[in-house]
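Structure file coords26.json with JSON, C-alpha atoms:
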```json
[["chain", "number", "residue", "atom", "x", "y", "z"],
["A", 1, "MET", "CA", 0.00, 0.00, 0.00],
["A", 2, "GLU", "CA", 1.31, 3.46, -0.94],
["A", 3, "LEU", "CA", 2.26, 5.55, 2.09],
["A", 4, "SER", "CA", 0.11, 8.45, 0.87],
["A", 5, "ASN", "CA", -2.98, 6.22, 0.90],
["A", 6, "LEU", "CA", -2.71, 5.33, 4.57],
["A", 7, "THR", "CA", -5.25, 6.78, 6.97],
["A", 8, "THR", "CA", -2.43, 7.88, 9.26],
["A", 9, "GLU", "CA", -1.03, 10.00, 6.41],
["A", 10, "GLN", "CA", -4.27, 11.71, 5.40],
["A", 11, "ARG", "CA", -5.09, 15.33, 6.20],
["A", 12, "ASN", "CA", -7.58, 15.95, 8.99],
["A", 13, "LYS", "CA", -10.42, 18.17, 7.76],
["A", 14, "ASN", "CA", -10.92, 19.50, 11.28],
["A", 15, "SER", "CA", -7.44, 20.99, 11.45],
["A", 16, "LEU", "CA", -6.90, 22.44, 7.99],
["A", 17, "ASN", "CA", -6.46, 25.90, 9.55],
["A", 18, "LEU", "CA", -4.27, 24.69, 12.40],
["A", 19, "ASP", "CA", -1.63, 27.35, 11.75],
["A", 20, "LYS", "CA", -4.24, 30.13, 12.07],
["A", 21, "MET", "CA", -5.85, 28.87, 15.27],
["A", 22, "SER", "CA", -5.38, 30.49, 18.63],
["A", 23, "ILE", "CA", -3.71, 28.36, 21.27],
["A", 24, "LEU", "CA", -7.06, 27.54, 22.87],
["A", 25, "GLU", "CA", -8.64, 26.70, 19.51],
["A", 26, "ALA", "CA", -5.78, 24.34, 18.74],
["A", 27, "LEU", "CA", -6.14, 22.71, 22.14],
["A", 28, "HIS", "CA", -9.87, 22.19, 21.68],
["A", 29, "THR", "CA", -9.24, 20.68, 18.26],
["A", 30, "MET", "CA", -6.65, 18.26, 19.62],
["A", 31, "ASN", "CA", -8.86, 17.39, 22.58],
["A", 32, "LYS", "CA", -11.82, 16.57, 20.34],
["A", 33, "GLU", "CA", -9.63, 14.31, 18.23],
["A", 34, "ASP", "CA", -8.15, 12.60, 21.29],
["A", 35, "LYS", "CA", -11.65, 11.67, 22.45],
["A", 36, "LYS", "CA", -11.92, 9.42, 19.40],
["A", 37, "VAL", "CA", -9.00, 7.28, 20.57],
["A", 38, "ALA", "CA", -10.80, 5.49, 23.40],
["A", 39, "GLU", "CA", -13.65, 4.55, 21.07],
["A", 40, "ALA", "CA", -11.21, 3.19, 18.51],
["A", 41, "VAL", "CA", -9.51, 1.10, 21.20],
["A", 42, "GLU", "CA", -12.89, -0.15, 22.43],
["A", 43, "SER", "CA", -13.67, -1.50, 18.96],
["A", 44, "VAL", "CA", -10.63, -3.81, 19.03],
["A", 45, "LEU", "CA", -10.97, -5.11, 22.61],
["A", 46, "PRO", "CA", -11.91, -8.66, 21.49],
["A", 47, "LYS", "CA", -8.59, -8.96, 19.66],
["A", 48, "VAL", "CA", -6.70, -7.41, 22.56],
["A", 49, "GLU", "CA", -8.33, -10.07, 24.75],
["A", 50, "THR", "CA", -7.13, -12.81, 22.40],
["A", 51, "SER", "CA", -3.57, -11.52, 22.53],
["A", 52, "ILE", "CA", -3.61, -11.29, 26.32],
["A", 53, "GLU", "CA", -4.85, -14.86, 26.66],
["A", 54, "LYS", "CA", -1.82, -16.02, 24.67],
["A", 55, "MET", "CA", 0.53, -13.79, 26.65],
["A", 56, "TYR", "CA", -0.77, -15.17, 29.93],
["A", 57, "VAL", "CA", -0.31, -18.78, 28.85],
["A", 58, "SER", "CA", 3.17, -18.04, 27.52],
["A", 59, "LEU", "CA", 4.45, -16.16, 30.56],
["A", 60, "SER", "CA", 2.89, -18.63, 33.00],
["A", 61, "ARG", "CA", 4.93, -21.37, 31.31],
["A", 62, "GLY", "CA", 8.21, -19.49, 31.35],
["A", 63, "GLY", "CA", 7.91, -17.75, 27.99],
["A", 64, "ARG", "CA", 8.77, -14.14, 27.27],
["A", 65, "LEU", "CA", 6.97, -11.15, 25.78],
["A", 66, "PHE", "CA", 8.77, -8.97, 23.24],
["A", 67, "TYR", "CA", 7.66, -5.57, 21.98],
["A", 68, "VAL", "CA", 9.29, -4.60, 18.68],
["A", 69, "GLY", "CA", 9.01, -1.21, 17.00],
["A", 70, "ALA", "CA", 10.71, 1.87, 15.58],
["A", 71, "GLY", "CA", 10.52, 5.55, 16.51],
["A", 72, "THR", "CA", 7.62, 6.43, 18.78],
["A", 73, "SER", "CA", 6.20, 2.91, 18.51],
["A", 74, "GLY", "CA", 9.49, 1.44, 19.71],
["A", 75, "ARG", "CA", 9.76, 3.93, 22.54],
["A", 76, "LEU", "CA", 6.28, 3.03, 23.75],
["A", 77, "GLY", "CA", 7.34, -0.60, 23.87],
["A", 78, "VAL", "CA", 10.44, 0.30, 25.87],
["A", 79, "ILE", "CA", 8.38, 2.34, 28.34],
["A", 80, "ASP", "CA", 5.85, -0.44, 28.92],
["A", 81, "ALA", "CA", 8.48, -3.16, 29.28],
["A", 82, "SER", "CA", 10.63, -1.08, 31.64],
["A", 83, "GLU", "CA", 7.71, -0.49, 34.00],
["A", 84, "CYS", "CA", 6.97, -4.19, 34.54],
["A", 85, "PRO", "CA", 9.83, -4.98, 36.98],
["A", 86, "PRO", "CA", 9.09, -2.14, 39.44],
["A", 87, "THR", "CA", 5.31, -2.48, 39.21],
["A", 88, "PHE", "CA", 4.99, -6.26, 39.16],
["A", 89, "MET", "CA", 8.43, -7.47, 40.31],
["A", 90, "THR", "CA", 8.92, -9.36, 37.05],
["A", 91, "PRO", "CA", 12.39, -10.58, 36.15],
["A", 92, "PRO", "CA", 14.01, -8.31, 33.52],
["A", 93, "HIS", "CA", 13.86, -11.00, 30.84],
["A", 94, "MET", "CA", 10.09, -11.60, 31.09],
["A", 95, "VAL", "CA", 8.96, -8.48, 29.19],
["A", 96, "GLN", "CA", 11.48, -6.96, 26.80],
["A", 97, "ALA", "CA", 11.51, -4.32, 24.08],
["A", 98, "LEU", "CA", 13.51, -4.16, 20.88],
["A", 99, "MET", "CA", 13.82, -0.86, 19.07],
["A", 100, "ALA", "CA", 15.14, -0.14, 15.60],
["A", 101, "GLY", "CA", 18.51, 1.50, 16.00],
["A", 102, "GLY", "CA", 19.13, 0.04, 19.45],
["A", 103, "GLU", "CA", 19.16, 1.83, 22.79],
["A", 104, "ASP", "CA", 20.55, 5.06, 21.34],
["A", 105, "ALA", "CA", 17.40, 5.43, 19.24],
["A", 106, "PHE", "CA", 15.31, 5.90, 22.36],
["A", 107, "PHE", "CA", 16.77, 9.39, 22.82],
["A", 108, "SER", "CA", 17.43, 10.45, 19.22],
["A", 109, "ALA", "CA", 16.51, 9.21, 15.76],
["A", 110, "VAL", "CA", 18.80, 6.68, 14.11],
["A", 111, "GLU", "CA", 18.16, 7.39, 10.45],
["A", 112, "GLY", "CA", 17.25, 4.46, 8.24],
["A", 113, "SER", "CA", 17.12, 1.91, 11.06],
["A", 114, "GLU", "CA", 13.37, 1.36, 10.77],
["A", 115, "ASP", "CA", 13.73, 0.41, 7.09],
["A", 116, "ASN", "CA", 15.94, -2.59, 7.86],
["A", 117, "GLU", "CA", 13.69, -5.65, 7.86],
["A", 118, "GLU", "CA", 16.59, -8.05, 8.29],
["A", 119, "GLN", "CA", 17.69, -6.26, 11.46],
["A", 120, "GLY", "CA", 14.29, -6.88, 13.05],
["A", 121, "ALA", "CA", 14.80, -10.59, 12.56],
["A", 122, "GLU", "CA", 18.45, -10.46, 13.61],
["A", 123, "ASP", "CA", 17.69, -8.66, 16.88],
["A", 124, "LEU", "CA", 15.20, -11.39, 17.82],
["A", 125, "LYS", "CA", 17.68, -14.10, 16.89],
["A", 126, "LYS", "CA", 20.10, -12.60, 19.39],
["A", 127, "LYS", "CA", 17.43, -13.05, 22.05],
["A", 128, "GLN", "CA", 17.25, -16.76, 21.18],
["A", 129, "LEU", "CA", 13.53, -16.54, 20.50],
["A", 130, "THR", "CA", 11.56, -19.78, 20.86],
["A", 131, "ALA", "CA", 8.05, -21.04, 20.20],
["A", 132, "ALA", "CA", 7.28, -20.39, 23.87],
["A", 133, "ASP", "CA", 7.54, -16.62, 23.39],
["A", 134, "VAL", "CA", 5.14, -13.90, 22.18],
["A", 135, "VAL", "CA", 6.19, -11.05, 19.88],
["A", 136, "VAL", "CA", 4.23, -7.83, 19.39],
["A", 137, "GLY", "CA", 5.15, -5.78, 16.33],
["A", 138, "ILE", "CA", 4.18, -2.11, 16.80],
["A", 139, "THR", "CA", 3.87, 0.28, 13.87],
["A", 140, "ALA", "CA", 1.33, 3.07, 13.39],
["A", 141, "SER", "CA", 1.54, 2.92, 9.62],
["A", 142, "GLY", "CA", 1.50, -0.87, 9.58],
["A", 143, "ARG", "CA", 4.24, -1.00, 6.97],
["A", 144, "THR", "CA", 7.48, -0.39, 8.92],
["A", 145, "PRO", "CA", 10.05, -3.01, 7.79],
["A", 146, "TYR", "CA", 11.82, -3.47, 11.15],
["A", 147, "PRO", "CA", 8.85, -4.90, 13.12],
["A", 148, "ILE", "CA", 7.63, -6.73, 10.01],
["A", 149, "GLY", "CA", 10.97, -8.52, 9.82],
["A", 150, "ALA", "CA", 10.67, -9.37, 13.51],
["A", 151, "LEU", "CA", 7.21, -10.90, 13.08],
["A", 152, "LYS", "CA", 8.29, -12.89, 10.03],
["A", 153, "TYR", "CA", 11.15, -14.42, 11.99],
["A", 154, "ALA", "CA", 8.95, -14.99, 15.05],
["A", 155, "ARG", "CA", 6.47, -16.96, 12.96],
["A", 156, "SER", "CA", 9.27, -19.03, 11.47],
["A", 157, "VAL", "CA", 10.24, -20.32, 14.93],
["A", 158, "GLY", "CA", 6.64, -20.85, 16.04],
["A", 159, "ALA", "CA", 6.31, -17.91, 18.44],
["A", 160, "TYR", "CA", 2.86, -16.34, 18.77],
["A", 161, "THR", "CA", 2.74, -13.04, 16.88],
["A", 162, "VAL", "CA", 0.66, -9.91, 17.44],
["A", 163, "SER", "CA", 0.58, -6.81, 15.25],
["A", 164, "LEU", "CA", -0.46, -3.40, 16.54],
["A", 165, "SER", "CA", -1.13, -0.76, 13.90],
["A", 166, "CYS", "CA", -3.46, 2.15, 13.11],
["A", 167, "ASN", "CA", -4.50, 1.39, 9.53],
["A", 168, "GLU", "CA", -6.98, -1.08, 8.11],
["A", 169, "ARG", "CA", -5.51, -3.99, 6.15],
["A", 170, "SER", "CA", -2.02, -3.11, 7.36],
["A", 171, "GLU", "CA", 0.87, -4.92, 5.74],
["A", 172, "ILE", "CA", 2.12, -6.15, 9.10],
["A", 173, "SER", "CA", -1.25, -7.75, 9.85],
["A", 174, "GLN", "CA", -0.62, -10.55, 7.38],
["A", 175, "PHE", "CA", 2.33, -11.74, 9.47],
["A", 176, "ALA", "CA", 0.43, -11.80, 12.78],
["A", 177, "ASP", "CA", -1.61, -14.53, 14.45],
["A", 178, "CYS", "CA", -3.59, -11.70, 16.04],
["A", 179, "ASP", "CA", -3.83, -8.43, 14.11],
["A", 180, "ILE", "CA", -4.93, -5.37, 16.10],
["A", 181, "GLU", "CA", -5.73, -2.37, 13.92],
["A", 182, "VAL", "CA", -6.75, 0.66, 15.98],
["A", 183, "VAL", "CA", -7.97, 3.11, 13.36],
["A", 184, "VAL", "CA", -7.99, 6.54, 15.00],
["A", 185, "GLY", "CA", -8.20, 8.56, 11.79],
["A", 186, "PRO", "CA", -5.95, 11.32, 10.41],
["A", 187, "GLU", "CA", -3.81, 13.21, 12.88],
["A", 188, "VAL", "CA", -4.34, 16.90, 13.75],
["A", 189, "LEU", "CA", -0.81, 17.45, 12.49],
["A", 190, "THR", "CA", -0.70, 15.43, 9.27],
["A", 191, "GLY", "CA", 1.35, 12.26, 9.61],
["A", 192, "SER", "CA", 2.45, 12.96, 13.18],
["A", 193, "THR", "CA", 1.60, 9.56, 14.61],
["A", 194, "ARG", "CA", 3.12, 10.44, 17.98],
["A", 195, "LEU", "CA", -0.32, 11.96, 18.61],
["A", 196, "LYS", "CA", -3.54, 9.88, 18.38],
["A", 197, "ALA", "CA", -1.87, 6.75, 17.03],
["A", 198, "ALA", "CA", 0.69, 6.75, 19.82],
["A", 199, "THR", "CA", -2.00, 7.38, 22.42],
["A", 200, "ALA", "CA", -3.97, 4.41, 21.11],
["A", 201, "HIS", "CA", -0.93, 2.17, 21.20],
["A", 202, "LYS", "CA", -0.03, 3.29, 24.71],
["A", 203, "MET", "CA", -3.54, 2.41, 25.86],
["A", 204, "VAL", "CA", -3.40, -1.04, 24.26],
["A", 205, "LEU", "CA", 0.07, -1.80, 25.64],
["A", 206, "ASN", "CA", -1.12, -0.74, 29.11],
["A", 207, "MET", "CA", -3.98, -3.21, 28.79],
["A", 208, "MET", "CA", -1.74, -6.00, 27.56],
["A", 209, "SER", "CA", 0.88, -5.82, 30.30],
["A", 210, "THR", "CA", -1.44, -4.92, 33.19],
["A", 211, "THR", "CA", -4.12, -7.52, 32.45],
["A", 212, "THR", "CA", -1.54, -10.23, 31.81],
["A", 213, "MET", "CA", 0.07, -9.48, 35.18],
["A", 214, "ILE", "CA", -3.34, -9.53, 36.89],
["A", 215, "LYS", "CA", -3.90, -13.02, 35.51],
["A", 216, "LEU", "CA", -0.45, -14.04, 36.72],
["A", 217, "GLY", "CA", -1.54, -13.28, 40.29],
["A", 218, "LYS", "CA", 0.38, -10.03, 40.70],
["A", 219, "VAL", "CA", -2.69, -8.06, 41.79],
["A", 220, "HIS", "CA", -4.97, -8.58, 44.79],
["A", 221, "GLU", "CA", -8.31, -6.78, 44.52],
["A", 222, "ASN", "CA", -7.01, -3.66, 42.74],
["A", 223, "LEU", "CA", -3.78, -3.43, 44.69],
["A", 224, "MET", "CA", -0.19, -3.99, 43.55],
["A", 225, "VAL", "CA", 0.93, -6.86, 45.76],
["A", 226, "ASP", "CA", 4.05, -7.61, 43.73],
["A", 227, "VAL", "CA", 5.38, -4.05, 43.72],
["A", 228, "HIS", "CA", 9.17, -3.88, 43.96],
["A", 229, "ALA", "CA", 9.50, -1.72, 47.07],
["A", 230, "SER", "CA", 12.92, -0.31, 46.23],
["A", 231, "ASN", "CA", 12.56, 3.31, 47.38],
["A", 232, "TYR", "CA", 10.77, 5.34, 50.06],
["A", 233, "LYS", "CA", 7.62, 5.95, 48.02],
["A", 234, "LEU", "CA", 7.21, 2.28, 47.08],
["A", 235, "ILE", "CA", 7.99, 1.05, 50.60],
["A", 236, "GLU", "CA", 5.28, 3.36, 51.96],
["A", 237, "ARG", "CA", 2.89, 2.14, 49.26],
["A", 238, "ALA", "CA", 3.68, -1.44, 50.26],
["A", 239, "LYS", "CA", 2.83, -0.68, 53.89],
["A", 240, "LYS", "CA", -0.43, 0.99, 52.89],
["A", 241, "THR", "CA", -1.33, -1.99, 50.72],
["A", 242, "ILE", "CA", -0.78, -4.39, 53.61],
["A", 243, "MET", "CA", -2.87, -2.18, 55.87],
["A", 244, "GLU", "CA", -5.67, -2.00, 53.30],
["A", 245, "ILE", "CA", -5.86, -5.78, 52.92],
["A", 246, "THR", "CA", -5.28, -6.97, 56.47],
["A", 247, "LYS", "CA", -6.52, -3.96, 58.51],
["A", 248, "VAL", "CA", -3.40, -3.95, 60.70],
["A", 249, "THR", "CA", -1.75, -0.77, 62.00],
["A", 250, "TYR", "CA", 1.05, 1.06, 60.25],
["A", 251, "GLU", "CA", 3.53, -0.23, 62.81],
["A", 252, "GLU", "CA", 2.40, -3.85, 62.37],
["A", 253, "ALA", "CA", 2.62, -3.58, 58.60],
["A", 254, "GLU", "CA", 6.08, -2.09, 58.84],
["A", 255, "GLU", "CA", 7.27, -4.84, 61.20],
["A", 256, "VAL", "CA", 6.09, -7.72, 59.01],
["A", 257, "LEU", "CA", 7.28, -6.04, 55.81],
["A", 258, "LYS", "CA", 10.81, -5.96, 57.21],
["A", 259, "LYS", "CA", 10.64, -9.72, 57.82],
["A", 260, "THR", "CA", 9.73, -10.34, 54.18],
["A", 261, "ASN", "CA", 12.44, -8.11, 52.69],
["A", 262, "HIS", "CA", 9.73, -5.67, 51.60],
["A", 263, "LYS", "CA", 7.61, -8.27, 49.79],
["A", 264, "VAL", "CA", 3.90, -7.54, 50.12],
["A", 265, "LYS", "CA", 2.45, -10.96, 49.24],
["A", 266, "PRO", "CA", 4.09, -13.03, 51.97],
["A", 267, "ALA", "CA", 3.47, -10.22, 54.47],
["A", 268, "VAL", "CA", -0.28, -10.36, 53.76],
["A", 269, "VAL", "CA", -0.36, -14.15, 53.99],
["A", 270, "MET", "CA", 1.66, -14.16, 57.22],
["A", 271, "ILE", "CA", -0.63, -11.63, 58.89],
["A", 272, "ASP", "CA", -3.80, -13.30, 57.69],
["A", 273, "THR", "CA", -2.86, -16.85, 58.67],
["A", 274, "GLY", "CA", -0.09, -16.66, 61.23],
["A", 275, "ALA", "CA", 2.23, -18.57, 58.89],
["A", 276, "THR", "CA", 5.98, -18.14, 58.89],
["A", 277, "TYR", "CA", 7.74, -16.41, 56.04],
["A", 278, "ASN", "CA", 8.84, -19.71, 54.49],
["A", 279, "GLU", "CA", 5.34, -21.18, 54.84],
["A", 280, "ALA", "CA", 3.83, -18.11, 53.21],
["A", 281, "GLU", "CA", 6.29, -18.18, 50.32],
["A", 282, "GLU", "CA", 5.65, -21.88, 49.71],
["A", 283, "ALA", "CA", 1.89, -21.37, 49.77],
["A", 284, "ILE", "CA", 2.19, -18.52, 47.28],
["A", 285, "LYS", "CA", 4.29, -20.73, 45.02],
["A", 286, "GLN", "CA", 1.78, -23.57, 45.25],
["A", 287, "SER", "CA", -1.02, -21.11, 44.42],
["A", 288, "ASN", "CA", 0.63, -19.74, 41.26],
["A", 289, "GLY", "CA", 1.14, -16.36, 42.87],
["A", 290, "TYR", "CA", -2.43, -15.70, 43.98],
["A", 291, "VAL", "CA", -2.78, -14.30, 47.50],
["A", 292, "ARG", "CA", -6.36, -15.52, 48.02],
["A", 293, "GLU", "CA", -5.46, -19.05, 47.01],
["A", 294, "ALA", "CA", -2.31, -19.01, 49.15],
["A", 295, "ILE", "CA", -4.34, -18.10, 52.22],
["A", 296, "ALA", "CA", -6.91, -20.79, 51.43],
["A", 297, "HIS", "CA", -4.11, -23.30, 50.86],
["A", 298, "ILE", "CA", -2.64, -22.66, 54.30],
["A", 299, "ARG", "CA", -6.00, -22.80, 56.05],
["A", 300, "LYS", "CA", -6.80, -26.09, 54.34],
["A", 301, "ASN", "CA", -3.46, -27.78, 54.82],
["A", 302, "SER", "CA", -2.35, -26.23, 58.11],
["A", 303, "PRO", "CA", -5.47, -25.88, 60.30],
["A", 304, "GLU", "CA", -3.31, -25.46, 63.36],
["A", 305, "LEU", "CA", -2.13, -22.08, 62.11],
["A", 306, "ARG", "CA", -3.91, -19.17, 63.74],
["A", 307, "ASN", "CA", -6.52, -17.39, 61.62],
["A", 308, "ASN", "CA", -5.73, -13.82, 62.56],
["A", 309, "MET", "CA", -8.41, -12.36, 60.33],
["A", 310, "ASP", "CA", -11.20, -14.02, 62.32],
["A", 311, "SER", "CA", -9.78, -12.69, 65.57],
["A", 312, "ARG", "CA", -9.71, -9.07, 64.39]]
```

Just give me the structure as structure tokens.
Amino acid sequence: MELSNLTTEQRNKNSLNLDKMSILEALHTMNKEDKKVAEAVESVLPKVETSIEKMYVSLSRGGRLFYVGAGTSGRLGVIDASECPPTFMTPPHMVQALMAGGEDAFFSAVEGSEDNEEQGAEDLKKKQLTAADVVVGITASGRTPYPIGALKYARSVGAYTVSLSCNERSEISQFADCDIEVVVGPEVLTGSTRLKAATAHKMVLNMMSTTTMIKLGKVHENLMVDVHASNYKLIERAKKTIMEITKVTYEEAEEVLKKTNHKVKPAVVMIDTGATYNEAEEAIKQSNGYVREAIAHIRKNSPELRNNMDSR
């Protein structure tokens, strides 16, 4: 498909006089266009669901998730992947991002890197990709060679492939097991896909990583129980989370959190059941990371342990 024919390259009739608008007029125009993004994302939720189901199965069995893109699309992948370890205490290898031009391209453009299809495949080869992994190719236009090359290689080794684009019948879609086309329409600034297209992709990537981690047992109710409490703010958040779930005092939460090396999950289980740290960790392991199931496991298999919740 010719680049000029892509929806993401068309002129937006609502912003033809963008250069003559006042600041407030320009803001209103952008805001009205941004409101269309959520609706466009809503229309592809069934396919997002399909991709997440595959991601969950893959990661639960030791597989990895790779985001692959160029320019803004690549940077969005890097942002989402980099937030998984602190938010969900995932190992660094679980969710990774590959960007055309390498790490330097995150801060400044590496000219021509996105046009290298072979490099997309080569970068995945270096990661020793297997059929157990999932690869998401991100490109607003849907025709960027770098992520297309990555998806082609991923399919050749049997990995599950997902494409994320903003044009109908995108070229990259034909190389994906699950093609997600979030059509947000022409940009306010013609061709500037760091605007609506990028917002749509950020929303979808948020859904992918967050919902996958929920299904992996890294969330209790709507609380982050696998947060990596590595600084003051996160340690305080961990204490508050423990207090919210178990109803203990700040001092009690702080005391137990120290015993668990700032891990929220075993702290909650210990307080709720009276289990030791090792018993709590084993129960969490046996329950695939789910706090509710870990507590039920201990109560079922160790009835002699005190049920602190009932006594409060």

**Study point:** Close residues, A:Ala132 itself excluded, 6 Å, all atoms listed in the file, min 2 positions apart in chain, as JSON, numbers by chain
**Key:** {"A": [58, 63, 130]}

Can you write just those residues out, C-alpha atoms, as a PDB file, keeping the file's coordinate frame?
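File produced: out_8.pdb:
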```
ATOM      1  CA  SER A  58       3.170 -18.040  27.520  1.00  0.00           C
ATOM      2  CA  GLY A  63       7.910 -17.750  27.990  1.00  0.00           C
ATOM      3  CA  THR A 130      11.560 -19.780  20.860  1.00  0.00           C
TER       4      THR A 130
END
```

Practice item. Using all atoms listed in the file, pick whichever of A:Gly191, A:Gly69, A:Pro266, A:Pro186 has the shortest atom-to-atom distance to A:Ser163. Key: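 Among the listed residues, A:Gly69 lies closest to A:Ser163.
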
Review point. Near A:Asn261, within 12 Å and counting only C-alpha atoms, which residues show up once chain neighbours fewer than 6 positions away are dropped, as number ranges by chain?
Key: A: 228-230, 235, 238, 254-255, 267, 277

Point to revise | Point-to-point distance in Å for atom CA of A:Tyr56 and atom CA of A:Val268 | key: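 Between atom CA of A:Val268 and atom CA of A:Tyr56 the gap works out to 24.3 Å.
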
Check your understanding: Taking only C-alpha atoms into account, which of A:Asp133, A:Leu257, A:Lys233, A:Glu33 comes nearest A:Lys13?
Key ->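 That would be A:Glu33, the residue with the smallest distance to A:Lys13.
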
**Study point:** Selected residue, from A:Thr212, A:Thr87, A:Thr7, A:Ser108, that lies nearest to A:Val57 when counting only C-alpha atoms
**Key:** A:Thr212
